[in-house]
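Asker: As input, take coords-v1.cif (mmCIF, C-alpha atoms):
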```cif
data_upload
#
loop_
_atom_site.label_atom_id
_atom_site.label_comp_id
_atom_site.auth_asym_id
_atom_site.auth_seq_id
_atom_site.Cartn_x
_atom_site.Cartn_y
_atom_site.Cartn_z
CA SER A 1 -148.14 -93.08 103.11
CA ALA A 2 -151.47 -92.96 101.26
CA LEU A 3 -152.61 -96.30 102.69
CA ARG A 4 -151.61 -95.20 106.21
CA LEU A 5 -153.62 -92.01 105.73
CA VAL A 6 -156.68 -94.04 104.73
CA VAL A 7 -156.33 -96.25 107.81
CA LEU A 8 -155.99 -93.25 110.15
CA ALA A 9 -158.95 -91.48 108.53
CA GLU A 10 -161.14 -94.57 108.90
CA LYS A 11 -160.16 -94.95 112.55
CA ALA A 12 -160.95 -91.29 113.23
CA GLY A 13 -164.20 -91.46 111.28
CA VAL A 14 -163.30 -88.52 109.04
CA LEU A 15 -163.50 -88.04 105.27
CA ILE A 16 -160.47 -87.20 103.17
CA LEU A 17 -160.28 -85.79 99.67
CA VAL A 18 -157.76 -86.73 96.96
CA GLY A 19 -156.31 -83.56 95.41
CA HIS A 20 -157.22 -84.19 91.78
CA GLN A 21 -159.31 -81.05 91.38
CA ARG A 22 -158.97 -81.07 87.59
CA ARG A 23 -161.62 -83.78 87.39
CA HIS A 24 -164.13 -81.11 88.38
CA SER A 25 -163.15 -78.74 85.57
CA VAL A 26 -165.99 -77.92 83.16
CA PHE A 27 -163.54 -78.51 80.28
CA VAL A 28 -162.69 -81.97 81.61
CA GLN A 29 -166.31 -82.89 82.24
CA ARG A 30 -167.27 -81.88 78.70
CA ALA A 31 -164.27 -83.68 77.18
CA ARG A 32 -165.22 -86.82 79.10
CA ASP A 33 -168.78 -86.66 77.75
CA LEU A 34 -167.52 -86.25 74.19
CA VAL A 35 -164.78 -88.91 74.27
CA GLN A 36 -167.00 -91.52 75.91
CA ASP A 37 -169.96 -90.82 73.61
CA ALA A 38 -170.98 -93.59 71.21
CA ASN A 39 -170.41 -91.21 68.28
CA PHE A 40 -166.72 -90.73 69.13
CA GLY A 41 -164.95 -94.03 69.41
CA PRO A 42 -163.62 -96.44 69.91
CA LEU A 43 -160.61 -94.41 71.01
CA ARG A 44 -157.58 -95.03 68.78
CA GLY A 45 -155.03 -92.96 70.66
CA LEU A 46 -154.10 -89.75 72.42
CA THR A 47 -151.26 -87.28 72.85
CA ALA A 48 -150.52 -85.05 75.83
CA GLU A 49 -148.01 -82.33 76.63
CA PHE A 50 -146.93 -80.77 79.90
CA ALA A 51 -144.17 -78.27 79.16
CA LEU A 52 -143.32 -75.14 81.11
CA LEU A 53 -140.36 -73.57 82.89
CA LYS A 54 -140.16 -73.73 86.66
CA PRO A 55 -138.00 -70.82 87.85
CA GLU A 56 -134.83 -71.42 89.85
CA SER A 57 -136.51 -69.81 92.88
CA TYR A 58 -138.98 -72.71 92.88
CA PHE A 59 -136.21 -75.07 93.94
CA LYS A 60 -134.46 -72.77 96.49
CA ARG A 61 -131.62 -75.21 96.85
CA ASP A 62 -130.42 -73.51 100.06
CA ASP A 63 -133.80 -73.93 101.78
CA PRO A 64 -133.99 -77.33 103.55
CA ARG A 65 -137.80 -77.11 103.66
CA LEU A 66 -137.92 -77.31 99.85
CA ALA A 67 -135.09 -79.80 99.37
CA TRP A 68 -137.62 -82.56 98.57
CA ARG A 69 -138.41 -80.92 95.22
CA GLY A 70 -135.04 -82.11 93.93
CA GLN A 71 -134.91 -85.46 95.72
CA LYS A 72 -135.47 -88.77 93.97
CA GLY A 73 -138.73 -90.44 94.97
CA LYS A 74 -140.16 -87.15 96.27
CA GLY A 75 -139.81 -84.43 93.64
CA GLY A 76 -139.63 -84.11 89.87
CA PRO A 77 -142.37 -83.62 87.26
CA VAL A 78 -143.35 -87.31 87.19
CA LEU A 79 -144.54 -87.33 90.81
CA ILE A 80 -145.60 -83.68 91.00
CA ASN A 81 -147.16 -83.06 87.58
CA LEU A 82 -147.47 -86.12 85.35
CA ILE A 83 -149.66 -87.90 87.89
CA HIS A 84 -152.35 -85.29 87.20
CA GLU A 85 -152.08 -85.78 83.42
CA LEU A 86 -152.37 -89.56 83.78
CA ASP A 87 -155.28 -89.27 86.17
CA LEU A 88 -157.13 -86.98 83.78
CA LEU A 89 -156.56 -89.13 80.75
CA ARG A 90 -157.83 -92.20 82.61
CA TYR A 91 -160.84 -90.21 83.76
CA ILE A 92 -161.63 -88.67 80.37
CA THR A 93 -161.25 -91.88 78.36
CA GLY A 94 -162.66 -94.33 80.93
CA HIS A 95 -159.79 -96.72 80.19
CA GLU A 96 -156.89 -98.01 82.27
CA VAL A 97 -153.21 -98.19 81.35
CA THR A 98 -151.87 -101.73 80.93
CA THR A 99 -148.38 -101.19 79.46
CA VAL A 100 -145.86 -98.35 79.89
CA PHE A 101 -142.61 -97.45 78.10
CA ALA A 102 -140.67 -94.40 79.28
CA ALA A 103 -137.45 -92.43 79.04
CA THR A 104 -136.39 -89.53 81.27
CA SER A 105 -133.57 -87.01 81.40
CA SER A 106 -132.03 -84.76 84.04
CA ALA A 107 -129.81 -82.90 81.59
CA ALA A 108 -131.31 -79.47 82.28
CA ARG A 109 -130.38 -79.26 85.98
CA ALA A 110 -128.20 -82.31 86.60
CA ALA A 111 -130.37 -83.07 89.63
CA GLU A 112 -131.36 -86.36 91.26
CA VAL A 113 -134.80 -86.06 89.68
CA GLU A 114 -135.82 -85.90 86.06
CA ASP A 115 -136.73 -82.62 84.37
CA THR A 116 -137.85 -83.95 80.98
CA GLY A 117 -139.24 -87.19 79.65
CA ALA A 118 -141.49 -89.07 77.27
CA VAL A 119 -143.95 -91.85 78.02
CA THR A 120 -145.84 -94.24 75.74
CA VAL A 121 -148.82 -96.10 77.17
CA VAL A 122 -151.11 -98.86 75.93
CA LEU A 123 -154.68 -98.80 77.21
CA ASP A 124 -156.81 -101.81 78.16
CA HIS A 125 -158.68 -101.87 74.84
CA GLY A 126 -155.61 -101.46 72.62
CA ALA A 127 -155.41 -97.69 72.11
CA VAL A 128 -152.00 -96.08 72.51
CA GLY A 129 -150.96 -92.72 73.93
CA THR A 130 -147.89 -90.54 74.18
CA PHE A 131 -146.91 -88.01 76.85
CA PHE A 132 -144.14 -85.45 76.67
CA PHE A 133 -143.28 -83.58 79.86
CA SER A 134 -140.70 -81.01 80.90
CA ASP A 135 -140.45 -78.42 83.66
CA ALA A 136 -137.35 -76.90 82.06
CA ALA A 137 -138.69 -75.32 78.83
CA PRO A 138 -140.55 -72.02 78.30
CA SER A 139 -143.83 -73.13 76.73
CA PRO A 140 -147.59 -72.46 76.85
CA TRP A 141 -148.47 -76.13 76.19
CA SER A 142 -149.61 -77.37 79.57
CA TYR A 143 -152.95 -77.79 81.33
CA GLU A 144 -152.26 -74.72 83.47
CA PHE A 145 -151.56 -72.34 80.61
CA THR A 146 -154.11 -73.66 78.10
CA THR A 147 -157.13 -73.74 80.42
CA GLN A 148 -156.26 -70.50 82.27
CA GLU A 149 -158.29 -71.76 85.23
CA ASN A 150 -155.59 -70.91 87.76
CA LYS A 151 -155.06 -67.15 88.02
CA LYS A 152 -151.50 -67.75 89.27
CA TYR A 153 -150.45 -68.17 85.65
CA PRO A 154 -150.33 -65.14 83.31
CA PRO A 155 -152.29 -65.14 80.03
CA VAL A 156 -150.51 -66.47 76.96
CA PRO A 157 -149.76 -63.85 74.28
CA GLY A 158 -151.07 -64.25 70.75
CA SER A 159 -154.36 -65.51 69.37
CA GLY A 160 -154.69 -68.29 71.91
CA PRO A 161 -152.75 -70.72 74.09
CA GLY A 162 -153.58 -73.75 71.93
CA ASP A 163 -154.22 -77.25 73.25
CA CYS A 164 -152.30 -79.67 75.45
CA TYR A 165 -154.22 -82.92 74.78
CA HIS A 166 -155.57 -84.55 71.62
CA PHE A 167 -157.91 -87.56 71.56
CA MET A 168 -158.29 -89.52 68.32
CA GLY A 169 -161.36 -91.72 67.90
CA ALA A 170 -162.64 -93.93 65.10
CA GLN A 171 -165.43 -91.44 64.31
CA ARG A 172 -164.00 -88.09 65.38
CA SER A 173 -161.11 -86.42 67.17
CA LEU A 174 -161.02 -83.83 69.95
CA ALA A 175 -158.59 -81.12 71.01
CA PHE A 176 -158.39 -80.08 74.67
CA PRO A 177 -159.14 -77.63 76.21
CA SER A 178 -160.43 -75.79 73.12
CA LEU A 179 -162.97 -78.63 72.68
CA ARG A 180 -162.65 -78.37 68.90
CA SER A 181 -163.94 -81.59 67.39
CA TYR A 182 -163.23 -82.87 63.86
CA ARG A 183 -165.21 -85.47 61.91
CA TYR A 184 -166.49 -86.36 58.44
CA GLY A 185 -170.07 -85.26 57.79
CA GLN A 186 -172.86 -87.32 56.22
CA GLU A 187 -172.49 -85.35 52.99
CA VAL A 188 -169.11 -87.01 52.39
CA ALA A 189 -169.29 -89.88 49.89
CA GLU A 190 -166.35 -91.68 51.48
CA ALA A 191 -164.69 -90.67 54.74
CA GLY A 192 -160.95 -90.30 54.39
CA TRP A 193 -158.11 -87.93 53.58
CA ASP A 194 -159.61 -86.83 50.23
CA ALA A 195 -162.75 -85.43 51.90
CA PRO A 196 -163.03 -82.20 53.92
CA LEU A 197 -163.36 -82.44 57.68
CA THR A 198 -166.19 -80.78 59.61
CA LEU A 199 -165.28 -78.66 62.63
CA GLU A 200 -167.54 -78.46 65.70
CA GLU A 201 -166.80 -76.21 68.68
CA ASP A 202 -168.00 -76.26 72.27
CA THR A 203 -167.54 -73.38 74.74
CA PRO A 204 -168.66 -74.22 78.29
CA GLN A 205 -168.83 -71.47 80.89
CA LYS A 206 -165.54 -71.44 82.81
CA GLU A 207 -165.72 -72.13 86.57
CA ASP A 208 -163.07 -72.58 89.23
CA PRO A 209 -162.47 -76.37 89.54
CA ILE A 210 -161.20 -76.03 93.12
CA ARG A 211 -164.47 -74.36 94.15
CA LEU A 212 -166.41 -77.09 92.34
CA GLN A 213 -164.32 -79.76 94.06
CA MET A 214 -164.99 -78.29 97.50
CA THR A 215 -168.69 -78.01 96.70
CA HIS A 216 -168.60 -81.71 95.88
CA PHE A 217 -166.72 -82.46 99.11
CA VAL A 218 -169.32 -80.60 101.17
CA LYS A 219 -172.07 -82.66 99.51
CA VAL A 220 -170.18 -85.88 100.27
CA CYS A 221 -169.80 -84.87 103.90
#
```
How does this structure look as structure tokens?
Answerer:
Amino acid sequence: SALRLVVLAEKAGVLILVGHQRRHSVFVQRARDLVQDANFGPLRGLTAEFALLKPESYFKRDDPRLAWRGQKGKGGPVLINLIHELDLLRYITGHEVTTVFAATSSAARAAEVEDTGAVTVVLDHGAVGTFFFSDAAPSPWSYEFTTQENKKYPPVPGSGPGDCYHFMGAQRSLAFPSLRSYRYGQEVAEAGWDAPLTLEEDTPQKEDPIRLQMTHFVKVC
């Protein structure tokens, strides 16, 4: 379908935009700068979580227009949600995935599609990463709830929503989207678990990534 869309767009002479608006997030842009900086890596590994509860009304099993959400090859968090996590982690790290191991479960809803799963990836330079995903668990640990960029989602109670991604480099590590970075300072005689870590924080001004994406699209046009 995607290739056919490209062919039709080229024939018509029109531009199309891939809907990965998160790439335009100020949090993502800053994380990308930090992770790809010479003072960060090389990247050793990463972890990512996407966990939230989609309400039963989301599926509307008696509505044929929404039946695809529960159909294999069309719905499920792998195709609807995890693709965004994988795209972001490729974009932020600048590396490609070469090997994948995965396990999924449909135990929560007994549907054709998965509702929960775990993925382990190996990147092209040898780093490894793990992803946990579920759309059947009440949780604040997802891109949507931690960044609070989309006003559709209510604020998370407590001192803060926490982070959904962690990037571990040879020289420092980074939490996302808080952008808290941990490293050993020059005052440390020997870097390692016996020495105290130094915390650095970054707080970019929040902007709507969809507006930034459309601004980019207008410039491209």
Asker: Find the nearest atom pair between each residue of stretch 73-144 of chain A and stretch 162-176 of chain A for residues within 9 Å, count all atoms listed in the file, give distances in Å to one decimal, sort rows by chain and ascending number, and present the table as CSV.
Answerer:
```
residue,atom,partner,partner_atom,distance
A:Leu89,CA,A:Tyr165,CA,8.9
A:Thr93,CA,A:Phe167,CA,8.7
A:Gly129,CA,A:Phe167,CA,9.0
A:Pro140,CA,A:Gly162,CA,7.9
A:Trp141,CA,A:Cys164,CA,5.3
A:Ser142,CA,A:Cys164,CA,5.4
A:Tyr143,CA,A:Cys164,CA,6.2
```
Asker: Considering all atoms listed in the file, return as a short mmCIF file (atom, residue, chain, number, x, y, z; two decimals) with C-alpha atoms, in the coordinates of the input whatever protein or nucleic-acid residues lie within 6 Å of A:Pro209, sequence-local ones (same chain, fewer than 5 positions apart) excluded.
Answerer:
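That gives us around_20.cif:
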```cif
data_model
loop_
_atom_site.label_atom_id
_atom_site.label_comp_id
_atom_site.auth_asym_id
_atom_site.auth_seq_id
_atom_site.Cartn_x
_atom_site.Cartn_y
_atom_site.Cartn_z
CA GLN A 21 -159.31 -81.05 91.38
CA HIS A 24 -164.13 -81.11 88.38
CA SER A 25 -163.15 -78.74 85.57
#
```
Asker: Would you write out, as number ranges by chain, every residue that the PyMOL selection byres ((chain A and resi 117) around 9) captures in this file?
Answerer: A: 77-78, 102-106, 114-116, 118-119, 131-134
Asker: Pick out the closest residue to A:Thr98 from this set: A:Val122, A:Val113, A:Ala195, A:Ala67. Count all atoms listed in the file.
Answerer: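 Nearest to A:Thr98: A:Val122.
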Asker: Here's the selection I'm unsure about, the PyMOL selection byres ((chain A and resi 72) around 9); applied to the file above, which residues does it give, as an NGL selection string?
Answerer: :A and (68-71 or 73-76 or 111-114)
Asker: Once the PyMOL selection byres ((chain A and resi 3-16) around 10) is applied to the coordinates I shared, what remains selected? I want it as a PyMOL selection string.
Answerer: chain A and resi 1-2+17-19+217+220-221
Asker: Please list as a PyMOL selection string every residue within 9 Å of A:Thr203, counting all atoms listed in the file and excluding residues in the same chain fewer than 6 positions away.
Answerer: chain A and resi 27+178-179
Asker: From the options A:Tyr184, A:Leu79, A:Asp124, A:Ala110, which residue's atoms come nearest to A:Val97, counting all atoms listed in the file?
Answerer: A:Asp124
Asker: May I have the residues within 8 Å of A:His95 as number ranges by chain, using all atoms listed in the file and disregarding those fewer than 5 positions away in the same chain?
Answerer: A: 90, 123-125
Asker: If you keep C-alpha atoms, can you produce a file of those selected residues as a compact mmCIF listing (two decimals), in the frame of the given file?
Answerer:
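File written: part16.txt
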```
# COMPACT_ATOMS: atom_id res chain seq x y z
CA ARG A 90 -157.83 -92.20 82.61
CA LEU A 123 -154.68 -98.80 77.21
CA ASP A 124 -156.81 -101.81 78.16
CA HIS A 125 -158.68 -101.87 74.84
```
Asker: Quick one: of A:Gly94, A:Ala191, A:Lys152, A:Ile83, who's nearest to A:Pro42, counting only C-alpha atoms?
Answerer: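 So, comparing all the options, the nearest one is A:Gly94.
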